[in-house]
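Below you'll find the structure, written out as structure tokens, and then a few comments.
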Amino acid sequence: MSRLIGGRYELGEEIGRGGMATVHAAYDTRLGRPVAIKMLHAGRLGDRSFQGRFRREAQAAASLSHPNIVAVFDSGEDVLTTSVGVQEVIPYIVMELVQGHTLSQLMHDHGPFAPDDAMRIVEKVLAALGYSHDRGLVHRDVKPGNVMLTPAGDVKVMDFGIARGGAEATATMTQTQAVIGTAQYLSPEQARGQDVDGRSDLYSAGCLLFELVAGRPPFVGDSPLAIAYQHVGEDPSLPSSHEHSIPRSLDTVIMHALIKDRERRYQSADSFRRDLEAARAGRPLSDEARATASALFAPTESIQRTEAPPASYADGARAGGGATAAGAGLGAAAGATAAGIRPGVEGPGRDGPVTSSYPAVAEDDNRRYVAWIAVLVALLALTGLGVWWLTRPDPIAYKTVPVLVGETEATARSKLQSSGLQGSFTTKTSRSPKGTVVETDPPAGSQQDPANPVTVVLSSGPSEVVVPDVRKYTTASAQQRLTNASLAAGAVKVVDDKTIPEGQVVRTDPAIGQTVPVGSKVALFVSSGKMPVPNVVGQDWEGAAKALTDAGFRVARQDKPSTQTPGTVLDQDINDGSQPPGTKITLTVAVVTPTTTVTVTSTAPAPPPTTPAPAPPSPRPTSTPTPTPTGTAPPTTQPTPAPPTTPPTP
């Protein structure tokens with residue numbers, strides 16, 4: 001069964017592996033599309049510098065949207081439980097799945113590219129770099145392994161793992177495997193540990209183009225450090241000296257990109273790309289590139305003497321040393337050295353006779369002259385070598401910058417001292433704990449001259465923080481967490497809430513998740529564990545009972561005869577304040593008042609007697625009671641008034 005990442009990505013087979021991460025094919029179950037997922041190696045989980053680089057890659061690439069840059073769709077962290085029951089958090093990046101191969105794989109399998117194909121590929125790489133440079137982002141790791149070519153011919157630049165914004169783009173060669181492997185493409189300023197900008201990427205793109213057409217990088221060596229030294233202090237050979245099919249125009253473009261002084265190489269990706277397009281189309285190159293070409297390929301002149309030169313010309317030649325092709329070549333070579341480029345020895349235009357404008361000289365005299373010149377040059381060379389040897393600077397014993405991110409200032413100072421380095425400490429606002437190291441310049445693992453201090457940036461704490469989620473915390477625990485988040489605990493207010501137990505936080509003001517300035521007061525609303533009792537007097541029985549039940553109370557009924565509408569609530573035994581859920585509340589409900597019917601029976605008077613007769617007894621009243629409804633008071637019986645005792649008058 002495939003593993004599910006982030007609740008939506010089905011992890012597939014491994015399709016790539018580098019020094020920092022492994023790339024898997026995956027499937028997005030939510031959007032129904034194939035993707036690629038890059039996951040940090042388990043062995044790198046404890047390395048904060050790698051975690052920071054991994055996060056930077058997600059942030060940097062996610063901000064870029066260009067057809068020649070691999071798109072980033074999502075990022076997150078996956079929790080993995082190891083065989084021993086330990087949980088590890090593994091960060092991941094979800095990217096566009098690109099079908100194809102890296103340029104390094106293609107060169108390994110098929111050798112160098114044809115010049116025209118190589119130029120087309122690098123033009124698209126430069127389009128991607130120009131886009132990122134316009135947004136203030138320097139890639140810093142341009143190399144064949146970070147460029148993919150699809151079967152349709154699309155070019156994709158990937159791995160912005162060490163990309164930085166222009167203002168903070170400081171790069172050196174580190175000792176991590178992921179960056180050590182790129183020493184062949186480091187710009188001179190990167191190798192020196194200086195600040196870098198987009199022009200450093202252009203130098204690396206020149207190294208990339210050199211390798212695509214020549215089948216090897218400009219510099220090779222036994223170690224990354226040896227290669228870095230070559231980038232700084234040695235001149236590259238012409239690409240055409242390794243592959244003779246490379247045209248002079250492409251030689252010129254590549255060598256102009258590899259000038260060590262960044263102020264003299266290509267200043268933008270667009271200018272580099274325009275010269276490549278011109279080289280493919282056979283159009284003239286830029287003025288700057290042509291200046292480089294004049295240093296690389298000094299024109300030689302073959303001037304066959306047919307007549308004596310004018311006297312003024314001959315005099316000028318004797319006074320100024322002569323305008324010979326050899327003189328032009330030496331001047332061009334000097335210009336090339338100043339530009340940081342070694343003139344090619346196999347460039348076109350170097351063949352053919354080299355003659356001067358002076359009168360012809362006998363052959364023996366000419367040979368003797370050349371011998372003396374050779375001796376003089378050798379003496380000058382030996383003298384220069386001796387001066388250099390006596391005045392050369394002592395070799396620099398570089399030190400490795402230790403990992404300081406996350407450490408306190410005291411620990412950072414101790415580690416620097418143990419490494420034989422000194423530090424220059426500064427601060428900036430950060431979400432990291434106050435007083436801890438958030439970054440170093442150069443970064444950890446870099447080679448640093450002990451004479452130059454390592455810039456160590458300490459966190460002064462964030463300028464704004466997010467109100468933490470303290471729901472269901474006790475008052476004391478919530479106040480402590482607010483303090484830890486650089487916030488102040490404000491007033492504590494008790495509110496009724498039936499869902500949160502008594503004494504626990506219900507909500508905050510400002511609300512949880514809101515961003516507020518550091519030190520802001522946050523009020524806590526703590527549950528009383530009770531609910532306000534609704535007043536339902538005057539409502540009908542069913543509605544009143546439902547309102548109380550919904551509020552969490554138990555309801556009892558007591559009927560009472562009343563002249564009000566039957567079913568109307570007349571009273572409730574608890575009708576104000578708050579009560580715990582489950583409290584019993586008795587409602588008095590109106591019912592119909594019972595009615596009473598009384599029947600009186602009387603006897604008609606008898607005719608007068610002839611003799612006085614005793615008075616008849618008083619009649620007994622009779623009554624017919626009406627049945628009393630259940631729960632009502634029994635009816636009362638009223639007697640019928642007694643008849644008069646005086647007999648009627650006849």
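Identifiers in this document derive from the order of the structure tokens: chains are assigned A, B, ..., residues are numbered from 1 separately in each chain, and ligands are numbered from 1 in order of occurrence.
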
**Prompt:** Could you pull the residues within 8 Å of A:Ala289, counting only C-alpha atoms, minus those fewer than 6 positions along the same chain, as number ranges by chain?
**Reply:** A: 252-253, 256

Could you write out the selected residues, including C-alpha atoms, as a compact mmCIF listing (two decimals), in the first residue's frame?
```txt
# COMPACT_ATOMS: atom_id res chain seq x y z
CA THR A 252 33.92 34.70 -27.83
CA VAL A 253 30.53 34.56 -26.04
CA HIS A 256 33.23 36.93 -22.30
```

**Request:** Quick one: everything within 8 Å of A:Phe73, counting only C-alpha atoms, minus sequence neighbours fewer than 6 positions away in the same chain. Send it as a list in words.
**Result:** Ala62, Ile93, Val94, Met95 and Glu96 of chain A

**Message:** Taking 2 positions as the minimum chain separation for residues in the same chain, which residues sit within 9 Å of stretch 437-444 of chain A when counting only C-alpha atoms? Answer as a PyMOL selection string.
**Reply:** chain A and resi 49+170-172+174-175+193-194+400-409+412+427-428+430+432-435+446-448+454-459

Selection above as a file: N, CA and C atoms, as an mmCIF file, in the first residue's frame:
```cif
data_model
loop_
_atom_site.group_PDB
_atom_site.id
_atom_site.type_symbol
_atom_site.label_atom_id
_atom_site.label_comp_id
_atom_site.auth_asym_id
_atom_site.auth_seq_id
_atom_site.Cartn_x
_atom_site.Cartn_y
_atom_site.Cartn_z
ATOM 1 N N SER A 49 20.918 23.862 9.175
ATOM 2 C CA SER A 49 21.271 24.587 7.963
ATOM 3 C C SER A 49 20.605 23.948 6.748
ATOM 4 N N THR A 170 25.026 36.091 -0.355
ATOM 5 C CA THR A 170 26.443 35.869 -0.091
ATOM 6 C C THR A 170 26.691 34.385 -0.214
ATOM 7 N N ALA A 171 27.650 34.002 -1.053
ATOM 8 C CA ALA A 171 27.822 32.583 -1.318
ATOM 9 C C ALA A 171 29.272 32.194 -1.206
ATOM 10 N N THR A 172 29.515 31.067 -0.570
ATOM 11 C CA THR A 172 30.842 30.471 -0.599
ATOM 12 C C THR A 172 30.685 28.994 -0.820
ATOM 13 N N THR A 174 30.705 25.451 0.263
ATOM 14 C CA THR A 174 30.539 24.802 1.552
ATOM 15 C C THR A 174 31.009 23.368 1.474
ATOM 16 N N GLN A 175 31.035 22.728 2.618
ATOM 17 C CA GLN A 175 31.524 21.360 2.665
ATOM 18 C C GLN A 175 30.407 20.341 2.562
ATOM 19 N N GLY A 193 34.125 34.097 -1.324
ATOM 20 C CA GLY A 193 33.234 34.383 -0.207
ATOM 21 C C GLY A 193 32.696 35.793 -0.231
ATOM 22 N N GLN A 194 32.689 36.425 -1.398
ATOM 23 C CA GLN A 194 32.188 37.786 -1.505
ATOM 24 C C GLN A 194 30.695 37.781 -1.789
ATOM 25 N N THR A 400 37.063 26.417 8.636
ATOM 26 C CA THR A 400 35.674 26.083 8.327
ATOM 27 C C THR A 400 34.736 26.767 9.309
ATOM 28 N N VAL A 401 33.736 27.459 8.767
ATOM 29 C CA VAL A 401 32.749 28.143 9.612
ATOM 30 C C VAL A 401 31.856 27.094 10.271
ATOM 31 N N PRO A 402 31.780 27.082 11.611
ATOM 32 C CA PRO A 402 30.940 26.074 12.280
ATOM 33 C C PRO A 402 29.452 26.396 12.152
ATOM 34 N N VAL A 403 28.617 25.424 12.478
ATOM 35 C CA VAL A 403 27.164 25.619 12.489
ATOM 36 C C VAL A 403 26.796 26.406 13.743
ATOM 37 N N LEU A 404 26.262 27.609 13.551
ATOM 38 C CA LEU A 404 25.938 28.483 14.668
ATOM 39 C C LEU A 404 24.447 28.797 14.776
ATOM 40 N N VAL A 405 23.686 28.565 13.717
ATOM 41 C CA VAL A 405 22.264 28.921 13.723
ATOM 42 C C VAL A 405 21.542 28.170 14.838
ATOM 43 N N GLY A 406 20.779 28.929 15.637
ATOM 44 C CA GLY A 406 20.047 28.345 16.746
ATOM 45 C C GLY A 406 20.773 28.405 18.074
ATOM 46 N N GLU A 407 22.076 28.724 18.029
ATOM 47 C CA GLU A 407 22.860 28.788 19.261
ATOM 48 C C GLU A 407 22.727 30.168 19.912
ATOM 49 N N THR A 408 23.027 30.227 21.205
ATOM 50 C CA THR A 408 23.065 31.512 21.896
ATOM 51 C C THR A 408 24.340 32.257 21.526
ATOM 52 N N GLU A 409 24.399 33.539 21.871
ATOM 53 C CA GLU A 409 25.577 34.330 21.531
ATOM 54 C C GLU A 409 26.832 33.773 22.200
ATOM 55 N N ALA A 412 27.952 30.686 20.399
ATOM 56 C CA ALA A 412 28.492 31.030 19.081
ATOM 57 C C ALA A 412 29.916 31.580 19.200
ATOM 58 N N THR A 427 22.317 42.327 15.046
ATOM 59 C CA THR A 427 20.975 41.817 15.373
ATOM 60 C C THR A 427 19.982 42.228 14.303
ATOM 61 N N LYS A 428 18.894 41.486 14.257
ATOM 62 C CA LYS A 428 17.761 41.862 13.420
ATOM 63 C C LYS A 428 16.518 41.186 13.984
ATOM 64 N N SER A 430 13.409 38.881 14.250
ATOM 65 C CA SER A 430 13.212 37.518 13.750
ATOM 66 C C SER A 430 12.221 36.811 14.650
ATOM 67 N N SER A 432 12.692 33.877 15.596
ATOM 68 C CA SER A 432 13.488 32.995 16.448
ATOM 69 C C SER A 432 13.589 33.596 17.847
ATOM 70 N N PRO A 433 13.861 32.765 18.852
ATOM 71 C CA PRO A 433 13.988 33.289 20.215
ATOM 72 C C PRO A 433 15.045 34.382 20.297
ATOM 73 N N LYS A 434 14.783 35.366 21.110
ATOM 74 C CA LYS A 434 15.680 36.499 21.251
ATOM 75 C C LYS A 434 17.050 36.032 21.742
ATOM 76 N N GLY A 435 18.111 36.551 21.109
ATOM 77 C CA GLY A 435 19.463 36.226 21.525
ATOM 78 C C GLY A 435 20.047 34.997 20.871
ATOM 79 N N SER A 446 31.440 26.936 5.173
ATOM 80 C CA SER A 446 32.263 27.692 4.226
ATOM 81 C C SER A 446 33.707 27.769 4.716
ATOM 82 N N GLN A 447 34.608 27.989 3.756
ATOM 83 C CA GLN A 447 36.020 28.206 4.076
ATOM 84 C C GLN A 447 36.240 29.709 4.245
ATOM 85 N N GLN A 448 36.737 30.125 5.410
ATOM 86 C CA GLN A 448 36.861 31.534 5.723
ATOM 87 C C GLN A 448 38.294 31.894 6.105
ATOM 88 N N VAL A 454 33.583 36.501 10.798
ATOM 89 C CA VAL A 454 32.324 35.919 10.357
ATOM 90 C C VAL A 454 31.188 36.786 10.900
ATOM 91 N N THR A 455 30.320 37.255 10.032
ATOM 92 C CA THR A 455 29.174 38.052 10.479
ATOM 93 C C THR A 455 28.120 37.121 11.073
ATOM 94 N N VAL A 456 27.791 37.346 12.340
ATOM 95 C CA VAL A 456 26.824 36.517 13.048
ATOM 96 C C VAL A 456 25.607 37.387 13.371
ATOM 97 N N VAL A 457 24.449 36.987 12.881
ATOM 98 C CA VAL A 457 23.217 37.756 13.082
ATOM 99 C C VAL A 457 22.413 37.111 14.204
ATOM 100 N N LEU A 458 22.160 37.893 15.260
ATOM 101 C CA LEU A 458 21.377 37.422 16.400
ATOM 102 C C LEU A 458 19.950 37.942 16.295
ATOM 103 N N SER A 459 19.017 37.157 16.802
ATOM 104 C CA SER A 459 17.612 37.566 16.790
ATOM 105 C C SER A 459 17.347 38.553 17.922
#
```

**Request:** From stretch 227-261 of chain A, collect each residue whose DSSP state is alpha helix (DSSP H) and return the set as a list in words.
**Result:** Ile227, Ala228, Tyr229, Gln230, His231, Val232, Gly233, Arg248, Ser249, Leu250, Asp251, Thr252, Val253, Ile254, Met255, His256 and Ala257 of chain A

**Prompt:** What does the distance from atom CA of A:Val591 to atom CA of A:Val536 come to in Å, to one decimal?
**Reply:** 16.9 Å

**Item:** Interatomic distance, atom CA of A:Thr474 to atom CA of A:Gly519 (Å, one decimal)
**Value:**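 A separation of 21.0 Å between them.
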
**Message:** Could you list, as number ranges by chain, every residue within 7 Å of stretch 573-582 of chain A, counting only C-alpha atoms and ignoring same-chain residues fewer than 2 positions away?
**Reply:** A: 498, 529-535, 552-554, 571, 584-587

**Message:** Just want the 10 Å neighbourhood of A:Ser104, counted on only C-alpha atoms, with same-chain residues fewer than 2 positions away dropped. Output as an NGL selection string.
**Reply:** :A and (101-102 or 106-112 or 143-148 or 208 or 211-212)

With C-alpha atoms retained, could you export that selection as a PDB file, in the first residue's frame?
```
ATOM      1  CA  HIS A 101      16.617  14.015 -18.080  1.00  0.00           C
ATOM      2  CA  THR A 102      19.124  16.445 -16.644  1.00  0.00           C
ATOM      3  CA  LEU A 106      22.405  13.435 -21.246  1.00  0.00           C
ATOM      4  CA  MET A 107      26.098  14.364 -21.526  1.00  0.00           C
ATOM      5  CA  HIS A 108      27.070  11.236 -19.608  1.00  0.00           C
ATOM      6  CA  ASP A 109      25.076   9.065 -22.020  1.00  0.00           C
ATOM      7  CA  HIS A 110      25.636  10.890 -25.325  1.00  0.00           C
ATOM      8  CA  GLY A 111      28.629  13.207 -24.954  1.00  0.00           C
ATOM      9  CA  PRO A 112      28.724  16.963 -25.671  1.00  0.00           C
ATOM     10  CA  LYS A 143      24.912  23.557 -13.257  1.00  0.00           C
ATOM     11  CA  PRO A 144      23.977  20.747 -15.696  1.00  0.00           C
ATOM     12  CA  GLY A 145      22.433  18.696 -12.889  1.00  0.00           C
ATOM     13  CA  ASN A 146      19.932  21.478 -12.179  1.00  0.00           C
ATOM     14  CA  VAL A 147      18.664  21.834 -15.750  1.00  0.00           C
ATOM     15  CA  MET A 148      16.255  19.320 -17.276  1.00  0.00           C
ATOM     16  CA  LEU A 208      27.516  25.330 -18.174  1.00  0.00           C
ATOM     17  CA  GLU A 211      30.804  22.018 -20.680  1.00  0.00           C
ATOM     18  CA  LEU A 212      27.855  21.439 -23.035  1.00  0.00           C
TER      19      LEU A 212
END
```

**Message:** When you look at A:Val537 with a cut-off of 8 Å (counting only C-alpha atoms), what residues show up, excluding the ones that are within fewer than 5 positions of it in the same chain? I need them as a list in words.
**Reply:**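 Within the cut-off, the hits are Ala544, Thr568, Val569, Leu570, Asp571 and Gln572 of chain A.
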
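The space between atom CA of A:Val592 and atom CA of A:Gln539 spans 16.6 Å.
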
**Request:** Tell me, as an MDAnalysis selection string, which residues lie within 12 Å of A:Val35, counting only C-alpha atoms; anything in the same chain fewer than 3 positions away does not count.
**Result:** chainID A and resid 8:13 15 23:32 38 70:74 93:99
